[in-house]
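Novice: Input run-v3.txt, format and content: compact mmCIF, C-alpha atoms.
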# COMPACT_ATOMS: atom_id res chain seq x y z
CA MET A 1 4.17 -27.73 17.34
CA ASP A 2 1.95 -30.19 19.18
CA PHE A 3 -1.66 -29.17 19.83
CA ASP A 4 -2.57 -28.91 23.53
CA PRO A 5 -6.33 -29.43 23.95
CA LYS A 6 -6.10 -28.46 27.64
CA ARG A 7 -5.67 -24.81 26.77
CA ALA A 8 -7.87 -24.82 23.68
CA ARG A 9 -11.41 -23.47 23.73
CA LEU A 10 -13.32 -26.19 21.89
CA GLU A 11 -16.89 -25.34 20.91
CA LYS A 12 -19.61 -26.75 18.70
CA PRO A 13 -20.15 -25.69 15.06
CA ASP A 14 -21.27 -22.11 14.44
CA MET A 15 -19.63 -20.60 17.49
CA PHE A 16 -20.13 -17.63 15.17
CA LYS A 17 -22.74 -18.11 12.48
CA ARG A 18 -21.04 -19.00 9.22
CA PHE A 19 -21.69 -17.09 5.98
CA ILE A 20 -23.00 -19.38 3.23
CA VAL A 21 -21.99 -17.44 0.13
CA PRO A 22 -24.44 -17.35 -2.80
CA ASP A 23 -23.12 -18.77 -6.07
CA GLU A 24 -23.81 -15.49 -7.83
CA GLY A 25 -22.47 -12.18 -6.59
CA GLU A 26 -23.20 -8.56 -7.43
CA LEU A 27 -20.79 -6.42 -9.41
CA LEU A 28 -18.74 -4.45 -6.92
CA SER A 29 -18.94 -1.43 -9.23
CA LYS A 30 -22.74 -1.46 -8.93
CA VAL A 31 -22.85 -1.67 -5.13
CA ASN A 32 -22.88 1.65 -3.32
CA LEU A 33 -19.90 1.15 -1.00
CA ASN A 34 -17.43 3.61 0.44
CA PRO A 35 -14.27 3.23 -1.70
CA LYS A 36 -12.24 2.95 1.53
CA ILE A 37 -14.21 0.01 2.94
CA MET A 38 -11.99 -3.03 3.45
CA LEU A 39 -12.59 -6.27 1.57
CA LEU A 40 -11.31 -9.83 1.50
CA ILE A 41 -10.75 -11.14 -2.03
CA VAL A 42 -11.24 -14.79 -2.99
CA GLU A 43 -9.70 -15.51 -6.40
CA ILE A 44 -10.21 -18.77 -8.27
CA ASN A 45 -9.40 -19.25 -11.95
CA SER A 46 -9.00 -15.47 -12.47
CA THR A 47 -12.48 -14.81 -11.05
CA ARG A 48 -12.77 -12.66 -7.93
CA ARG A 49 -15.38 -12.58 -5.17
CA ALA A 50 -15.20 -9.92 -2.46
CA LEU A 51 -16.38 -10.25 1.14
CA LEU A 52 -16.64 -7.43 3.67
CA VAL A 53 -13.96 -7.43 6.39
CA LYS A 54 -16.45 -6.01 8.89
CA GLN A 55 -18.80 -8.94 8.27
CA MET A 56 -16.10 -11.61 8.25
CA ALA A 57 -14.81 -10.29 11.58
CA TYR A 58 -18.04 -11.77 12.96
CA HIS A 59 -18.67 -14.78 10.71
CA HIS A 60 -14.99 -15.87 10.69
CA VAL A 61 -15.86 -18.43 7.99
CA ALA A 62 -17.52 -18.10 4.57
CA GLN A 63 -18.12 -21.11 2.35
CA GLY A 64 -19.23 -21.20 -1.25
CA VAL A 65 -18.46 -22.16 -4.84
CA LEU A 66 -16.66 -19.98 -7.38
CA LYS A 67 -16.11 -21.02 -11.01
CA GLY A 68 -17.30 -24.49 -10.08
CA GLU A 69 -14.73 -24.91 -7.29
CA PRO A 70 -15.74 -25.08 -3.60
CA TYR A 71 -13.86 -22.84 -1.18
CA VAL A 72 -13.77 -21.78 2.45
CA ALA A 73 -12.56 -18.28 3.34
CA THR A 74 -11.34 -17.86 6.91
CA PHE A 75 -10.67 -14.69 8.89
CA CYS A 76 -9.61 -13.99 12.48
CA GLY A 77 -10.31 -10.35 13.34
CA ILE A 78 -7.84 -10.01 16.22
CA CYS A 79 -4.71 -11.05 14.29
CA HIS A 80 -6.54 -10.28 10.99
CA SER A 81 -5.18 -13.41 9.33
CA GLY A 82 -7.15 -15.29 6.72
CA VAL A 83 -6.75 -17.72 3.85
CA VAL A 84 -8.78 -19.56 1.23
CA LEU A 85 -9.03 -23.34 1.73
CA GLU A 86 -10.25 -26.09 -0.57
CA PRO A 87 -12.77 -27.98 1.62
CA LEU A 88 -12.13 -31.38 0.04
CA ILE A 89 -10.69 -34.18 2.15
CA ASP A 90 -10.09 -37.45 0.29
CA GLU A 91 -12.27 -36.00 -2.52
CA LYS A 92 -15.23 -35.50 -0.17
CA LEU A 93 -16.77 -32.06 0.43
CA TYR A 94 -16.75 -30.92 4.07
CA HIS A 95 -18.55 -27.98 5.66
CA PHE A 96 -16.91 -25.60 8.11
CA SER A 97 -17.59 -22.91 10.68
CA ALA A 98 -15.81 -21.26 13.60
CA GLY A 99 -15.58 -23.81 16.40
CA GLY A 100 -13.07 -22.64 18.96
CA LEU A 101 -9.98 -20.69 19.92
CA TYR A 102 -6.33 -21.66 20.23
CA ASP A 103 -3.19 -19.55 20.55
CA GLY A 104 -5.44 -16.49 20.31
CA THR A 105 -6.69 -17.42 16.84
CA VAL A 106 -9.91 -19.01 15.62
CA LEU A 107 -10.22 -22.77 15.13
CA LEU A 108 -12.36 -24.25 12.38
CA ILE A 109 -14.64 -27.23 12.96
CA ASP A 110 -16.22 -29.43 10.31
CA ASP A 111 -19.86 -30.57 10.51
CA GLU A 112 -19.13 -34.08 9.33
CA THR A 113 -16.63 -35.30 11.95
CA GLN A 114 -16.29 -32.47 14.50
CA THR A 115 -12.56 -32.29 13.79
CA TYR A 116 -10.82 -29.01 14.66
CA TRP A 117 -8.61 -27.31 12.07
CA ASN A 118 -5.98 -24.56 12.04
CA HIS A 119 -7.59 -21.75 10.06
CA MET A 120 -4.30 -20.54 8.53
CA THR A 121 -2.72 -23.82 7.42
CA GLY A 122 -5.86 -25.89 6.80
CA GLU A 123 -4.41 -28.70 8.93
CA ALA A 124 -6.55 -30.88 11.20
CA VAL A 125 -5.16 -30.49 14.73
CA HIS A 126 -7.64 -32.33 16.98
CA GLY A 127 -10.26 -35.00 16.31
CA PRO A 128 -10.91 -37.92 13.95
CA LEU A 129 -9.18 -36.38 10.92
CA ILE A 130 -6.01 -35.23 12.71
CA GLY A 131 -3.12 -34.97 10.26
CA LYS A 132 -5.28 -34.29 7.20
CA LYS A 133 -4.63 -31.00 5.43
CA MET A 134 -6.55 -28.86 2.96
CA THR A 135 -5.03 -27.01 0.02
CA MET A 136 -4.50 -23.33 0.80
CA ARG A 137 -4.31 -20.19 -1.35
CA PRO A 138 -4.02 -16.51 -0.38
CA LEU A 139 -6.99 -14.43 0.78
CA ARG A 140 -6.08 -10.88 -0.18
CA ILE A 141 -7.05 -7.79 1.81
CA MET A 142 -7.67 -4.44 0.10
CA ASN A 143 -10.18 -1.64 -0.05
CA ALA A 144 -12.97 -1.36 -2.61
CA ARG A 145 -11.10 1.21 -4.68
CA SER A 146 -8.06 -1.07 -5.02
CA ALA A 147 -10.23 -4.08 -5.85
CA LEU A 148 -11.92 -2.27 -8.74
CA GLU A 149 -8.63 -0.85 -10.02
CA GLU A 150 -7.24 -4.38 -10.23
CA ASP A 151 -10.35 -5.98 -11.73
CA ALA A 152 -13.50 -4.09 -12.72
CA ASN A 153 -15.37 -7.41 -12.95
CA THR A 154 -14.94 -8.20 -9.24
CA THR A 155 -18.19 -9.34 -7.65
CA ILE A 156 -19.19 -9.09 -3.99
CA SER A 157 -21.43 -11.08 -1.66
CA ILE A 158 -22.87 -9.28 1.36
CA SER A 159 -24.21 -11.22 4.31
CA LYS A 160 -27.77 -10.40 5.35
CA PHE A 161 -27.22 -11.63 8.91
CA LYS A 162 -27.49 -8.82 11.45
CA SER A 163 -27.32 -8.76 15.23
CA MET A 164 -25.85 -6.56 17.93
CA LYS A 165 -22.98 -9.02 18.27
CA SER A 166 -22.23 -8.98 14.54
CA ARG A 167 -22.26 -5.17 14.48
CA THR A 168 -19.87 -5.02 17.43
CA PHE A 169 -17.45 -7.49 15.82
CA GLY A 170 -17.74 -5.62 12.54
CA TRP A 171 -16.75 -2.35 14.19
CA MET A 172 -13.77 -4.02 15.87
CA GLY A 173 -12.69 -5.81 12.70
CA GLN A 174 -12.48 -2.58 10.74
CA LYS A 175 -10.99 -0.51 13.58
CA PHE A 176 -8.26 -2.92 14.66
CA LEU A 177 -7.01 -3.97 11.24
CA TYR A 178 -4.25 -1.43 11.87
CA GLY A 179 -2.92 0.08 15.07
CA LYS A 180 -1.93 -1.51 18.37
CA GLY A 181 -4.57 -4.25 18.54
CA PHE A 182 -5.83 -5.96 21.69
CA PHE A 183 -6.74 -9.35 23.16
CA PRO A 184 -10.36 -9.86 24.25
CA PRO A 185 -11.05 -11.55 27.61
CA GLY A 186 -10.13 -15.24 27.65
CA PHE A 187 -7.63 -15.12 24.77
CA ARG A 188 -4.52 -15.33 26.96
CA LYS A 189 -5.71 -18.61 28.50
CA THR A 190 -5.49 -20.30 25.10
CA MET A 191 -1.97 -19.06 24.35
CA GLY A 192 1.32 -20.87 24.88
CA LYS A 193 4.74 -19.32 25.29
CA LEU A 194 5.08 -16.25 23.11
CA ASP A 195 7.92 -15.75 20.65
CA ASN A 196 9.41 -12.51 21.98
CA ARG A 197 11.65 -11.76 19.01
CA LEU A 198 9.06 -9.12 18.09
CA PRO A 199 6.28 -7.39 20.05
CA GLU A 200 3.24 -9.69 19.85
CA MET A 201 0.99 -7.20 18.02
CA THR A 202 3.55 -6.24 15.35
CA ASN A 203 1.83 -5.97 11.98
CA GLY A 204 3.49 -7.47 8.95
CA LEU A 205 3.37 -9.82 5.99
CA GLY A 206 4.19 -13.49 6.34
CA ILE A 207 5.39 -15.44 3.29
CA MET A 208 5.22 -19.25 3.19
CA ILE A 209 7.10 -20.99 0.37
CA GLU A 210 7.84 -24.71 0.66
CA ASN A 211 9.55 -25.28 4.02
CA ILE A 212 10.46 -21.64 4.65
CA GLN A 213 8.24 -19.12 6.39
CA ARG A 214 9.44 -15.52 6.70
CA PHE A 215 7.81 -12.56 8.45
CA TYR A 216 8.29 -9.01 7.17
CA PRO A 217 7.47 -6.40 9.85
CA ILE A 218 5.55 -3.56 8.28
CA ASP A 219 8.14 -1.00 9.42
CA ALA A 220 10.83 -2.94 7.55
CA ILE A 221 8.91 -2.91 4.24
CA ARG A 222 8.98 0.90 3.91
CA ASP A 223 9.19 1.77 0.19
CA GLY A 224 9.40 -1.86 -0.91
CA ILE A 225 11.48 -5.04 -0.71
CA LYS A 226 12.88 -7.44 -3.26
CA ASP A 227 13.55 -10.89 -1.86
CA VAL A 228 14.09 -14.52 -2.86
CA ILE A 229 12.89 -17.70 -1.16
CA GLN A 230 13.73 -21.10 -2.68
CA GLY A 231 14.42 -19.49 -6.06
CA TYR A 232 11.08 -17.67 -5.94
CA ASN A 233 11.74 -13.98 -6.74
CA PHE A 234 9.12 -11.56 -5.46
CA THR A 235 8.56 -8.00 -4.37
CA ILE A 236 6.73 -6.73 -1.31
CA LYS A 237 5.07 -3.34 -1.37
CA ILE A 238 2.60 -1.41 0.73
CA ARG A 239 -0.41 -0.43 -1.37
CA ALA A 240 -0.79 3.34 -1.26
CA SER A 241 -4.59 3.43 -1.28
CA ASP A 242 -5.17 1.21 1.76
CA LYS A 243 -1.74 0.73 3.43
CA VAL A 244 -1.88 -3.07 3.12
CA PRO A 245 1.39 -4.92 2.34
CA PHE A 246 1.34 -7.57 -0.39
CA ALA A 247 3.83 -9.80 -2.17
CA LYS A 248 3.86 -10.49 -5.89
CA ARG A 249 6.14 -12.61 -8.05
CA VAL A 250 8.61 -10.65 -10.18
CA ASP A 251 8.22 -12.55 -13.45
CA ASN A 252 4.43 -13.03 -13.54
CA ASP A 253 1.18 -12.06 -11.81
CA ASP A 254 1.27 -14.84 -9.20
CA TYR A 255 0.84 -14.06 -5.53
CA PRO A 256 2.87 -16.34 -3.25
CA PRO A 257 1.18 -17.83 -0.17
CA GLN A 258 1.01 -14.89 2.22
CA LEU A 259 -0.67 -13.59 5.34
CA PHE A 260 -1.15 -9.96 6.33
CA CYS A 261 -1.31 -10.52 10.07
CA ARG A 262 0.12 -9.83 13.50
CA TRP A 263 3.32 -11.43 14.72
CA TYR A 264 1.72 -13.50 17.46
CA GLY A 265 -0.58 -15.32 15.03
CA PHE A 266 2.16 -16.00 12.49
CA SER A 267 4.78 -17.10 15.03
CA TYR A 268 2.38 -19.49 16.80
CA THR A 269 1.44 -21.03 13.46
CA TYR A 270 5.02 -21.17 12.17
CA PRO A 271 7.21 -21.37 15.30
CA ASP A 272 10.47 -21.76 13.35
CA CYS A 273 9.81 -18.82 11.03
CA GLU A 274 12.45 -16.33 9.95
CA ILE A 275 12.23 -12.56 10.44
CA PHE A 276 13.32 -10.30 7.61
CA GLU A 277 15.86 -7.66 8.56
CA ARG A 278 17.08 -4.87 6.32
CA LYS A 279 20.83 -4.73 5.78
CA ASN A 280 22.56 -1.39 6.05
Would you mind writing the file's structure down as C-alpha cells?

Specialist:
Amino acid sequence: MDFDPKRARLEKPDMFKRFIVPDEGELLSKVNLNPKIMLLIVEINSTRRALLVKQMAYHHVAQGVLKGEPYVATFCGICHSGVVLEPLIDEKLYHFSAGGLYDGTVLLIDDETQTYWNHMTGEAVHGPLIGKKMTMRPLRIMNARSALEEDANTTISISKFKSMKSRTFGWMGQKFLYGKGFFPPGFRKTMGKLDNRLPEMTNGLGIMIENIQRFYPIDAIRDGIKDVIQGYNFTIKIRASDKVPFAKRVDNDDYPPQLFCRWYGFSYTYPDCEIFERKN
C-alpha cells in the first residue's frame, strides 16, 4: 500500500527518547522483578536479552549489540506490535528512534538520512532510502517467569531514563497489552480506511511466511492450532502463565516471523492478509 505523507505525523529523531542498550546485561534471575512483569525478548544466536514492556511503551525503540550483531527492537504500545530489525543498510550501520506516526502505529526514523521506516516490516516508506528494507526477526513477548523457564541464562537491560511521561506510557503499555485498547488523541487523523473484517482492536497473532500473511484472532486459538503455510508446519498456543499467543515450528525450535498485535496494526501493514477461521 502506498505511503501517504499527508496524513502521516512526521517528527524529528527521538520523538520519544530511544533506549541505547548496554552491551552487557544483568542475569534476569538476579534482578528482583515481579514474575508477572511483561518482557520483550531479543534472541540472537541462542542468546537472549530482555527489555521491559513498560519501558519500551515509552522508548518505542531500543538499539544495541548482542553476540556481536547489531539490532534494533521496536515496540508500539497501542497495537503492542514489535519486531527485531538488523540496522544494516548496504552493510552500513544506521541508528534509529521513534520519529512519527502513521496508520496509528509508530514510524522509525534514522539519524543518518532522516528516512522514515515501517517499524513492523523494516521497510523505508518515506525519504532518501525509500524502498530499502532491513532484515526482520521476531520480538517475543512473555512474562519474567516464562522467560526464565525457557532460558535461565536470559539477561535483562533496564533503562535508567525516568520522567512523568515515561511513567505514564509505562502504565498504559502494561495495562493495555490485553483488553479493549484505545486510540490516543490524534491517532485517527493518521489512519486510512480500516479493514472491517474484524473489530479494529481484536487481539491476535499474525504470521508472515514468504508472501502469505495470516492473522489468528485470539478467540480462535483457544486450546491450540496446528496450521501450515508454504509447507511450514507450526503450532499456535496461548502460554498459560501470561496468556500470550505464540507460534512454533513443529519439527524444531524455530519461531516463524510473528506479531502479537491488534488487528488494525496488522491489517494496515499487510492489507491483503488472510484471517484464520476454525472449521466445524

Novice: What does the structure give for the distance between atom CA of His60 of chain A and atom CA of His126 of chain A, in Å to one decimal?

Specialist: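 Atom-to-atom, atom CA of His60 of chain A to atom CA of His126 of chain A, that is 19.1 Å.
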
Novice: Please identify all polymer residues within 10 Å of Asn45 of chain A, counting all atoms listed in the file, omitting same-chain residues fewer than 4 positions from it, and present them as a list in words.

Specialist: Leu66, Lys67, Gly68 and Glu69 of chain A

Novice: Quick one: of A:Glu274, A:Thr121, A:Cys261, A:Ile229, who's nearest to Gly77 of chain A, counting all atoms listed in the file?

Specialist: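 Looking at the shortest contact to Gly77 of chain A, the residue is A:Cys261.
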
Novice: Place a sphere of radius 9 Å on (9.0, -21.6, 7.9) in the file coordinates and name every protein, DNA or RNA residue with an atom inside or on its surface, counting all atoms listed in the file; give the answer as a list in words.

Specialist: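 Residues satisfying the cut-off, written out: Ile207, Met208, Ile209, Glu210, Asn211, Ile212, Gln213, Arg214, Tyr270, Pro271, Asp272, Cys273 and Glu274 of chain A.
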
Novice: Just give me the residues with any atom within 8 Å of (6.2, -14.4, -2.3), file coordinates, counting all atoms listed in the file, written as a list in words.

Specialist: Ile207, Met208, Ile209, Val228, Ile229, Tyr232, Asn233, Phe234, Thr235, Ile236, Ala247, Lys248, Arg249, Tyr255, Pro256, Pro257 and Gln258 of chain A

Novice: Could you name the residues that touch Ile41 of chain A at 12 Å or less, counting only C-alpha atoms, but leaving out those on the same chain fewer than 3 positions away, as JSON, numbers by chain?

Specialist: {"A": [28, 38, 44, 46, 47, 48, 49, 50, 51, 52, 53, 56, 62, 66, 72, 73, 74, 75, 82, 83, 84, 137, 138, 139, 140, 141, 142, 143, 144, 146, 147, 148, 150, 151, 154, 155, 156, 157]}

Novice: Would you work out the distance separating atom CA of Phe266 of chain A from atom CA of Met191 of chain A, expressed in Å to one decimal?

Specialist: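 Interatomic distance, atom CA of Phe266 of chain A to atom CA of Met191 of chain A: 12.9 Å.
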
Novice: Separation of atom CA of Trp263 of chain A and atom CA of His80 of chain A, in Å?

Specialist: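 Computed distance, atom CA of Trp263 of chain A to atom CA of His80 of chain A, equals 10.6 Å.
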
Novice: Using all atoms listed in the file, which of A:Ser97, A:Ser241, A:Asn153, A:Asn118 sits nearest Met136 of chain A?

Specialist: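 Among the listed residues, the smallest separation from Met136 of chain A belongs to A:Asn118.
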
Novice: My list of candidates is A:Phe187, A:Tyr264, A:Phe96, A:Tyr116. Which is closest to Pro199 of chain A when distances are computed with all atoms listed in the file?

Specialist: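 Of A:Phe187, A:Tyr264, A:Phe96, A:Tyr116, the one nearest Pro199 of chain A, counting all atoms listed in the file, is A:Tyr264.
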
Novice: Could you check which of A:Gly204, A:Gly192, A:Pro184, A:Gly100 is closest to Glu11 of chain A, using only C-alpha atoms?

Specialist: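 Looking only at the distances to Glu11 of chain A, the closest residue turns out to be A:Gly100.
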
Novice: Mind giving me the axis-aligned box for segment 79-91 of chain A with 3 Å on every side, centre plus edges in Å to one decimal, as JSON?

Specialist:
{"center_x": -8.7, "center_y": -23.9, "center_z": 5.9, "size_x": 14.1, "size_y": 33.2, "size_z": 22.8}

Novice: Have a look at A:Val250, A:Cys79, A:Leu205, A:Leu108 and name the one nearest to Ile275 of chain A; count all atoms listed in the file.

Specialist: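 Among the listed residues, the smallest separation from Ile275 of chain A belongs to A:Leu205.
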
Novice: Please determine, counting only C-alpha atoms, which residue among A:Glu200, A:Asp219, A:Glu149, A:Asp90 has the shortest atom-to-atom distance to Leu129 of chain A.

Specialist: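 Answer, going by the shortest atom-to-atom distance: A:Asp90.
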
Novice: Can you pull out the residues contacting Ile238 of chain A? Cut-off 10 Å, using only C-alpha atoms, and skip same-chain residues under 2 positions away; I want them as a PyMOL selection string.

Specialist: chain A and resi 205+218+221-225+236+240-247

Novice: With all atoms listed in the file as the counted atoms, please give the residues lying no more than 12 Å from Ser163 of chain A, apart from itself and same-chain residues fewer than 4 positions off, as a list in words.

Specialist: Phe16, Lys17, Gln55, Tyr58, His59, Ser159, Arg167, Thr168, Phe169 and Gly170 of chain A

Novice: Produce segment 210-244 of chain A of the given structure as output with N, CA and C atoms, as an mmCIF file, in the first residue's frame.

Specialist:
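Result file result_12.cif:
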data_model
loop_
_atom_site.group_PDB
_atom_site.id
_atom_site.type_symbol
_atom_site.label_atom_id
_atom_site.label_comp_id
_atom_site.auth_asym_id
_atom_site.auth_seq_id
_atom_site.Cartn_x
_atom_site.Cartn_y
_atom_site.Cartn_z
ATOM 1 N N GLU A 210 6.946 -15.965 3.778
ATOM 2 C CA GLU A 210 7.082 -15.654 2.357
ATOM 3 C C GLU A 210 6.031 -14.626 1.962
ATOM 4 N N ASN A 211 5.172 -14.942 0.983
ATOM 5 C CA ASN A 211 4.213 -13.939 0.513
ATOM 6 C C ASN A 211 2.824 -14.099 1.141
ATOM 7 N N ILE A 212 2.745 -14.866 2.209
ATOM 8 C CA ILE A 212 1.461 -15.074 2.883
ATOM 9 C C ILE A 212 1.523 -14.515 4.299
ATOM 10 N N GLN A 213 0.519 -13.737 4.639
ATOM 11 C CA GLN A 213 0.369 -13.205 5.993
ATOM 12 C C GLN A 213 -1.016 -13.627 6.496
ATOM 13 N N ARG A 214 -1.059 -14.217 7.671
ATOM 14 C CA ARG A 214 -2.324 -14.742 8.198
ATOM 15 C C ARG A 214 -2.490 -14.307 9.646
ATOM 16 N N PHE A 215 -3.691 -13.830 9.967
ATOM 17 C CA PHE A 215 -3.991 -13.345 11.322
ATOM 18 C C PHE A 215 -4.877 -14.351 12.034
ATOM 19 N N TYR A 216 -4.493 -14.678 13.273
ATOM 20 C CA TYR A 216 -5.215 -15.646 14.093
ATOM 21 C C TYR A 216 -5.832 -14.908 15.279
ATOM 22 N N PRO A 217 -7.134 -14.585 15.221
ATOM 23 C CA PRO A 217 -7.771 -13.914 16.363
ATOM 24 C C PRO A 217 -7.606 -14.753 17.620
ATOM 25 N N ILE A 218 -7.385 -14.096 18.723
ATOM 26 C CA ILE A 218 -7.067 -14.825 19.952
ATOM 27 C C ILE A 218 -8.204 -15.743 20.364
ATOM 28 N N ASP A 219 -9.453 -15.371 20.073
ATOM 29 C CA ASP A 219 -10.586 -16.231 20.427
ATOM 30 C C ASP A 219 -10.624 -17.499 19.587
ATOM 31 N N ALA A 220 -9.988 -17.467 18.412
ATOM 32 C CA ALA A 220 -9.968 -18.639 17.542
ATOM 33 C C ALA A 220 -8.876 -19.631 17.933
ATOM 34 N N ILE A 221 -7.883 -19.157 18.684
ATOM 35 C CA ILE A 221 -6.754 -20.032 19.054
ATOM 36 C C ILE A 221 -7.183 -21.045 20.104
ATOM 37 N N ARG A 222 -7.936 -20.593 21.085
ATOM 38 C CA ARG A 222 -8.483 -21.454 22.149
ATOM 39 C C ARG A 222 -7.410 -22.366 22.738
ATOM 40 N N ASP A 223 -7.591 -23.691 22.574
ATOM 41 C CA ASP A 223 -6.652 -24.646 23.182
ATOM 42 C C ASP A 223 -5.513 -25.016 22.248
ATOM 43 N N GLY A 224 -5.376 -24.297 21.143
ATOM 44 C CA GLY A 224 -4.247 -24.532 20.245
ATOM 45 C C GLY A 224 -4.672 -24.770 18.809
ATOM 46 N N ILE A 225 -3.745 -24.503 17.891
ATOM 47 C CA ILE A 225 -3.990 -24.647 16.456
ATOM 48 C C ILE A 225 -2.776 -25.303 15.825
ATOM 49 N N LYS A 226 -3.015 -26.192 14.889
ATOM 50 C CA LYS A 226 -1.964 -26.681 14.005
ATOM 51 C C LYS A 226 -2.279 -26.155 12.618
ATOM 52 N N ASP A 227 -1.281 -25.574 11.958
ATOM 53 C CA ASP A 227 -1.528 -24.988 10.652
ATOM 54 C C ASP A 227 -0.281 -25.128 9.782
ATOM 55 N N VAL A 228 -0.466 -24.883 8.490
ATOM 56 C CA VAL A 228 0.621 -24.984 7.514
ATOM 57 C C VAL A 228 0.559 -23.774 6.588
ATOM 58 N N ILE A 229 1.696 -23.124 6.392
ATOM 59 C CA ILE A 229 1.816 -22.054 5.399
ATOM 60 C C ILE A 229 3.066 -22.331 4.567
ATOM 61 N N GLN A 230 2.885 -22.457 3.259
ATOM 62 C CA GLN A 230 4.007 -22.682 2.341
ATOM 63 C C GLN A 230 4.876 -23.867 2.774
ATOM 64 N N GLY A 231 4.241 -24.946 3.221
ATOM 65 C CA GLY A 231 4.970 -26.119 3.664
ATOM 66 C C GLY A 231 5.589 -26.005 5.037
ATOM 67 N N TYR A 232 5.352 -24.888 5.711
ATOM 68 C CA TYR A 232 5.919 -24.622 7.035
ATOM 69 C C TYR A 232 4.886 -25.048 8.070
ATOM 70 N N ASN A 233 5.128 -26.184 8.744
ATOM 71 C CA ASN A 233 4.212 -26.710 9.748
ATOM 72 C C ASN A 233 4.503 -26.093 11.112
ATOM 73 N N PHE A 234 3.485 -25.554 11.751
ATOM 74 C CA PHE A 234 3.689 -24.929 13.053
ATOM 75 C C PHE A 234 2.441 -25.064 13.917
ATOM 76 N N THR A 235 2.644 -24.855 15.193
ATOM 77 C CA THR A 235 1.533 -24.835 16.144
ATOM 78 C C THR A 235 1.434 -23.441 16.748
ATOM 79 N N ILE A 236 0.227 -23.066 17.123
ATOM 80 C CA ILE A 236 -0.008 -21.827 17.850
ATOM 81 C C ILE A 236 -0.701 -22.171 19.161
ATOM 82 N N LYS A 237 -0.141 -21.685 20.238
ATOM 83 C CA LYS A 237 -0.702 -21.920 21.562
ATOM 84 C C LYS A 237 -0.756 -20.602 22.331
ATOM 85 N N ILE A 238 -1.559 -20.593 23.376
ATOM 86 C CA ILE A 238 -1.588 -19.458 24.288
ATOM 87 C C ILE A 238 -0.875 -19.900 25.565
ATOM 88 N N ARG A 239 0.221 -19.218 25.886
ATOM 89 C CA ARG A 239 1.025 -19.588 27.048
ATOM 90 C C ARG A 239 0.205 -19.385 28.318
ATOM 91 N N ALA A 240 0.146 -20.425 29.144
ATOM 92 C CA ALA A 240 -0.717 -20.399 30.319
ATOM 93 C C ALA A 240 -0.315 -19.328 31.329
ATOM 94 N N SER A 241 0.989 -19.106 31.480
ATOM 95 C CA SER A 241 1.455 -18.227 32.554
ATOM 96 C C SER A 241 1.226 -16.754 32.285
ATOM 97 N N ASP A 242 1.125 -16.355 30.995
ATOM 98 C CA ASP A 242 0.955 -14.929 30.713
ATOM 99 C C ASP A 242 -0.096 -14.621 29.649
ATOM 100 N N LYS A 243 -0.763 -15.678 29.133
ATOM 101 C CA LYS A 243 -1.874 -15.518 28.179
ATOM 102 C C LYS A 243 -1.449 -14.905 26.846
ATOM 103 N N VAL A 244 -0.185 -15.075 26.474
ATOM 104 C CA VAL A 244 0.312 -14.546 25.205
ATOM 105 C C VAL A 244 0.353 -15.679 24.171
#
